[in-house]
Amino acid sequence: MGGSGWSALVDLVLPRTCAGCGLPGRLLCPRCAGLLARPHLATPRRFPEGFPPTVAAGAYEGPVRPAVLAFKERGRAELARPLGTALALAVAAVVAAVPGPAPERVLLVPVPGSAAALRERGRDHVRELTAHAVRELRAAGLPADSCRSLRRRGRVRDSADLSVAQRRANLAGTFALADGARPAAVDELIVLVDDVVTSGATLTEAGSVLAALGRPGGPPVLGAVVAATPREPARARRMNPPRRPDGPRPGSFRGSR
Ligand SMILES: [Zn+2]
């Protein structure tokens, strides 16, 4: 069977539908892709102290949720492309918000998954996203690279049924610097990347470990994610629309040390 015959058969058996809204046709329809092209500052509800300045490409609600879950939990690995593009957009936006000249290099550090999650999924979906985002950023002329500077330490309980405070305690000591981790060079920015930010506990914990690689007086460790849980549900936001856009503006983030 030729290549086109095979792909016709695959289409017949697995009809392509949008992973967000279910519309037949594309992997992610233009409308759903548009929901992931709205870079904004992530503001977790109980903003943890030390939460890194983080940009999300979209809000983790509506069709964005099933799209992310299809990629993460249901093995639709081909979504690494559109979701990685969204991550690249978030990285570019957070980097643009740092004052001063453009960085020589942007280092994307993926949040490492737990051993249990990696075993269960059989893949590291955040690394897949990171790899695609690096390609996109380079294609757009932003010198980007990825580095696995973090590793997980020991076992962590599943956090689904824990409160925010318990989650933080649960995460304390979760991450450590990996063997290959090296300090940031001058004109180099470190951006911690993950799929979704909800409570902000994971990025805060991982960011505090990564901060050891930053330069004294240099820019803070930044964060970029595909989607962030909105502070208010969509209905409340429609009733009280924000007076000004909440996206980061150039020069928003000062050095933290
Ligand atoms: Zn759609």
# chains A, B, ... in the order shown; residues from 1 in each chain; ligands from 1
call {"tool": "select_by_dssp", "arguments": {"residues": "range 24-250 of chain A", "states": "helix (DSSP H, G or I)", "output": "NGL selection string"}}
result
:A and (30-35 or 64-72 or 77-96 or 115-121 or 125-139 or 164-171 or 201-213 or 234-239)
call {"tool": "closest_atom_pairs", "arguments": {"of": "chain A", "to": "ligand 1", "cutoff": "7 Å", "atoms": "only C-alpha atoms and all ligand atoms", "output": "Markdown table"}}
result
| residue | atom | partner | partner_atom_place_in_ligand_line | distance |
| --- | --- | --- | --- | --- |
| A:Cys18 | CA | ligand 1 | 1 (Zn) | 4.7 |
| A:Ala19 | CA | ligand 1 | 1 (Zn) | 6.5 |
| A:Gly20 | CA | ligand 1 | 1 (Zn) | 4.6 |
| A:Cys21 | CA | ligand 1 | 1 (Zn) | 4.0 |
| A:Gly22 | CA | ligand 1 | 1 (Zn) | 6.0 |
| A:Leu23 | CA | ligand 1 | 1 (Zn) | 5.7 |
| A:Leu28 | CA | ligand 1 | 1 (Zn) | 5.4 |
| A:Cys29 | CA | ligand 1 | 1 (Zn) | 4.2 |
| A:Pro30 | CA | ligand 1 | 1 (Zn) | 6.7 |
| A:Arg31 | CA | ligand 1 | 1 (Zn) | 5.7 |
| A:Cys32 | CA | ligand 1 | 1 (Zn) | 4.3 |
| A:Pro63 | CA | ligand 1 | 1 (Zn) | 6.8 |
call {"tool": "write_last_selection", "arguments": {"atoms": "C-alpha atoms", "output": "compact mmCIF listing (two decimals), in the first residue's frame"}}
result
# COMPACT_ATOMS: atom_id res chain seq x y z
CA CYS A 18 -9.72 19.27 16.75
CA ALA A 19 -8.34 18.21 20.13
CA GLY A 20 -9.94 21.29 21.67
CA CYS A 21 -13.50 21.54 20.37
CA GLY A 22 -13.91 18.29 18.43
CA LEU A 23 -14.55 19.98 15.09
CA LEU A 28 -6.21 22.05 16.41
CA CYS A 29 -8.69 24.28 14.57
CA PRO A 30 -7.82 27.95 13.98
CA ARG A 31 -10.25 29.10 16.68
CA CYS A 32 -8.74 26.84 19.35
CA PRO A 63 -11.27 23.97 24.67
call {"tool": "residues_around", "arguments": {"residues": "range 91-106 of chain A", "least_positions_apart": "4", "cutoff": "10 Å", "atoms": "only C-alpha atoms", "output": "number ranges by chain"}}
result
A: 39-41, 53-57, 85-87, 133-134, 137, 140, 142-146, 184-193, 219-220, 222-226, 247-255
call {"tool": "closest_residue", "arguments": {"among": "A:Val209, A:Ala201, A:Asp195, A:Arg148", "to": "Ala176 in chain A", "atoms": "only C-alpha atoms"}}
result
A:Val209
call {"tool": "select_by_dssp", "arguments": {"residues": "range 32-244 of chain A", "states": "strand (DSSP E)", "output": "PyMOL selection string"}}
result
chain A and resi 40-41+54-59+105-110+144-146+150-152+175-177+188-197+222-228
call {"tool": "write_last_selection", "arguments": {"atoms": "N, CA and C atoms", "output": "CSV table (one decimal), in the first residue's frame"}}
result
chain,number,residue,atom,x,y,z
A,40,HIS,N,-0.1,36.2,28.3
A,40,HIS,CA,-0.4,37.1,29.4
A,40,HIS,C,0.3,36.6,30.7
A,41,LEU,N,0.4,37.5,31.7
A,41,LEU,CA,1.1,37.1,32.9
A,41,LEU,C,0.3,36.1,33.7
A,54,THR,N,6.0,34.8,35.0
A,54,THR,CA,5.6,33.7,34.1
A,54,THR,C,4.6,34.2,33.1
A,55,VAL,N,4.8,33.9,31.8
A,55,VAL,CA,3.8,34.2,30.8
A,55,VAL,C,3.2,32.8,30.3
A,56,ALA,N,1.9,32.9,30.2
A,56,ALA,CA,1.1,31.7,29.7
A,56,ALA,C,0.6,32.2,28.3
A,57,ALA,N,0.6,31.2,27.3
A,57,ALA,CA,0.1,31.5,26.0
A,57,ALA,C,-1.4,31.6,25.9
A,58,GLY,N,-2.1,30.9,26.9
A,58,GLY,CA,-3.5,30.9,26.9
A,58,GLY,C,-4.0,30.6,28.3
A,59,ALA,N,-5.4,30.7,28.4
A,59,ALA,CA,-6.0,30.3,29.7
A,59,ALA,C,-6.4,28.9,29.7
A,105,ARG,N,21.4,34.4,24.5
A,105,ARG,CA,20.9,33.1,24.5
A,105,ARG,C,19.8,32.9,25.5
A,106,VAL,N,18.7,32.2,25.1
A,106,VAL,CA,17.6,31.9,26.0
A,106,VAL,C,17.7,30.4,26.3
A,107,LEU,N,17.8,30.1,27.6
A,107,LEU,CA,17.9,28.6,27.9
A,107,LEU,C,16.6,28.1,28.5
A,108,LEU,N,16.0,27.2,27.8
A,108,LEU,CA,14.7,26.7,28.3
A,108,LEU,C,15.0,25.5,29.2
A,109,VAL,N,14.5,25.5,30.4
A,109,VAL,CA,14.7,24.4,31.3
A,109,VAL,C,13.4,23.7,31.6
A,110,PRO,N,13.1,22.5,31.1
A,110,PRO,CA,11.8,21.9,31.3
A,110,PRO,C,11.7,21.4,32.8
A,144,ALA,N,17.8,30.2,21.0
A,144,ALA,CA,17.3,29.4,22.1
A,144,ALA,C,17.9,28.0,22.2
A,145,ASP,N,17.9,27.5,23.4
A,145,ASP,CA,18.5,26.1,23.6
A,145,ASP,C,17.7,25.5,24.8
A,146,SER,N,17.8,24.2,24.9
A,146,SER,CA,17.2,23.6,26.1
A,146,SER,C,18.3,23.0,26.9
A,150,LEU,N,17.5,20.6,35.8
A,150,LEU,CA,16.8,20.2,37.0
A,150,LEU,C,16.6,18.7,37.0
A,151,ARG,N,16.6,18.1,38.2
A,151,ARG,CA,16.2,16.7,38.3
A,151,ARG,C,15.2,16.6,39.5
A,152,ARG,N,14.5,15.5,39.5
A,152,ARG,CA,13.6,15.2,40.7
A,152,ARG,C,14.4,14.5,41.7
A,175,PHE,N,12.9,19.2,43.9
A,175,PHE,CA,13.9,19.4,42.8
A,175,PHE,C,15.3,19.7,43.3
A,176,ALA,N,16.3,19.3,42.4
A,176,ALA,CA,17.7,19.6,42.7
A,176,ALA,C,18.3,19.9,41.4
A,177,LEU,N,19.5,20.5,41.5
A,177,LEU,CA,20.2,20.8,40.2
A,177,LEU,C,20.7,19.5,39.6
A,188,GLU,N,22.6,35.8,29.2
A,188,GLU,CA,21.8,34.5,29.0
A,188,GLU,C,20.6,34.6,30.0
A,189,LEU,N,19.5,34.2,29.4
A,189,LEU,CA,18.3,34.2,30.3
A,189,LEU,C,17.9,32.7,30.5
A,190,ILE,N,17.4,32.4,31.7
A,190,ILE,CA,16.9,31.1,32.0
A,190,ILE,C,15.4,31.2,32.1
A,191,VAL,N,14.7,30.4,31.3
A,191,VAL,CA,13.3,30.3,31.3
A,191,VAL,C,12.8,28.9,31.7
A,192,LEU,N,12.2,28.8,32.8
A,192,LEU,CA,11.6,27.5,33.3
A,192,LEU,C,10.4,27.2,32.5
A,193,VAL,N,10.2,26.1,31.9
A,193,VAL,CA,9.0,25.8,31.1
A,193,VAL,C,8.2,24.6,31.5
A,194,ASP,N,6.9,24.7,31.4
A,194,ASP,CA,6.0,23.6,31.8
A,194,ASP,C,4.8,23.7,31.0
A,195,ASP,N,3.9,22.6,31.1
A,195,ASP,CA,2.7,22.7,30.3
A,195,ASP,C,1.7,23.6,30.8
A,196,VAL,N,1.3,23.4,32.1
A,196,VAL,CA,0.3,24.2,32.7
A,196,VAL,C,0.7,24.7,34.1
A,197,VAL,N,0.3,25.9,34.4
A,197,VAL,CA,0.5,26.4,35.8
A,197,VAL,C,-0.9,26.5,36.5
A,222,LEU,N,12.9,33.2,34.8
A,222,LEU,CA,11.5,33.5,34.2
A,222,LEU,C,10.8,32.1,34.1
A,223,GLY,N,9.5,32.3,33.8
A,223,GLY,CA,8.7,31.1,33.5
A,223,GLY,C,7.9,31.3,32.3
A,224,ALA,N,7.6,30.1,31.6
A,224,ALA,CA,6.7,30.2,30.4
A,224,ALA,C,5.9,28.9,30.4
A,225,VAL,N,4.6,29.0,30.1
A,225,VAL,CA,3.8,27.8,30.1
A,225,VAL,C,2.8,27.9,28.9
A,226,VAL,N,2.3,26.7,28.5
A,226,VAL,CA,1.3,26.7,27.5
A,226,VAL,C,0.0,27.4,28.0
A,227,ALA,N,-0.4,27.1,29.2
A,227,ALA,CA,-1.7,27.6,29.7
A,227,ALA,C,-1.7,27.8,31.2
A,228,ALA,N,-2.4,28.8,31.7
A,228,ALA,CA,-2.5,29.0,33.1
A,228,ALA,C,-3.9,29.0,33.5
call {"tool": "atom_distance", "arguments": {"atom1": "CA of Asp124 in chain A", "atom2": "CA of Arg76 in chain A"}}
result
12.7 Å
call {"tool": "decode", "arguments": {"residues": "range 71-93 of chain A", "atoms": "N, CA and C atoms", "output": "tab-separated table (two decimals), in the first residue's frame"}}
result
chain	number	residue	atom	x	y	z
A	71	PHE	N	-2.94	15.76	24.66
A	71	PHE	CA	-1.50	15.66	24.43
A	71	PHE	C	-0.81	14.95	25.60
A	72	LYS	N	-1.18	15.38	26.81
A	72	LYS	CA	-0.49	14.93	28.01
A	72	LYS	C	-0.88	13.51	28.41
A	73	GLU	N	-2.20	13.27	28.46
A	73	GLU	CA	-2.68	12.01	29.04
A	73	GLU	C	-3.17	11.00	28.01
A	74	ARG	N	-3.57	11.46	26.83
A	74	ARG	CA	-4.16	10.52	25.88
A	74	ARG	C	-3.25	10.21	24.71
A	75	GLY	N	-1.99	10.55	24.85
A	75	GLY	CA	-1.00	10.10	23.87
A	75	GLY	C	-1.07	10.76	22.50
A	76	ARG	N	-1.77	11.88	22.37
A	76	ARG	CA	-1.78	12.54	21.05
A	76	ARG	C	-0.52	13.39	20.91
A	77	ALA	N	0.60	12.66	20.68
A	77	ALA	CA	1.92	13.30	20.68
A	77	ALA	C	2.06	14.31	19.55
A	78	GLU	N	1.26	14.17	18.49
A	78	GLU	CA	1.36	15.11	17.35
A	78	GLU	C	0.97	16.54	17.76
A	79	LEU	N	0.32	16.67	18.93
A	79	LEU	CA	-0.04	18.01	19.42
A	79	LEU	C	1.18	18.77	19.94
A	80	ALA	N	2.34	18.10	20.01
A	80	ALA	CA	3.56	18.79	20.45
A	80	ALA	C	3.83	20.00	19.56
A	81	ARG	N	3.40	19.89	18.31
A	81	ARG	CA	3.66	20.99	17.37
A	81	ARG	C	2.87	22.25	17.72
A	82	PRO	N	1.52	22.20	17.68
A	82	PRO	CA	0.80	23.44	18.00
A	82	PRO	C	1.00	23.88	19.45
A	83	LEU	N	1.10	22.94	20.39
A	83	LEU	CA	1.28	23.35	21.79
A	83	LEU	C	2.69	23.87	22.03
A	84	GLY	N	3.67	23.29	21.30
A	84	GLY	CA	5.05	23.79	21.39
A	84	GLY	C	5.17	25.18	20.81
A	85	THR	N	4.38	25.45	19.76
A	85	THR	CA	4.35	26.79	19.18
A	85	THR	C	3.81	27.78	20.21
A	86	ALA	N	2.76	27.37	20.93
A	86	ALA	CA	2.19	28.22	21.98
A	86	ALA	C	3.23	28.49	23.06
A	87	LEU	N	3.98	27.46	23.44
A	87	LEU	CA	5.02	27.63	24.46
A	87	LEU	C	6.09	28.61	23.97
A	88	ALA	N	6.46	28.48	22.70
A	88	ALA	CA	7.47	29.39	22.12
A	88	ALA	C	6.99	30.84	22.20
A	89	LEU	N	5.71	31.04	21.95
A	89	LEU	CA	5.13	32.38	22.02
A	89	LEU	C	5.23	32.93	23.44
A	90	ALA	N	4.95	32.08	24.42
A	90	ALA	CA	5.03	32.50	25.83
A	90	ALA	C	6.47	32.83	26.20
A	91	VAL	N	7.42	32.03	25.72
A	91	VAL	CA	8.84	32.29	26.01
A	91	VAL	C	9.24	33.64	25.40
A	92	ALA	N	8.88	33.85	24.14
A	92	ALA	CA	9.24	35.10	23.47
A	92	ALA	C	8.66	36.30	24.21
A	93	ALA	N	7.43	36.16	24.71
A	93	ALA	CA	6.78	37.27	25.41
A	93	ALA	C	7.45	37.56	26.75
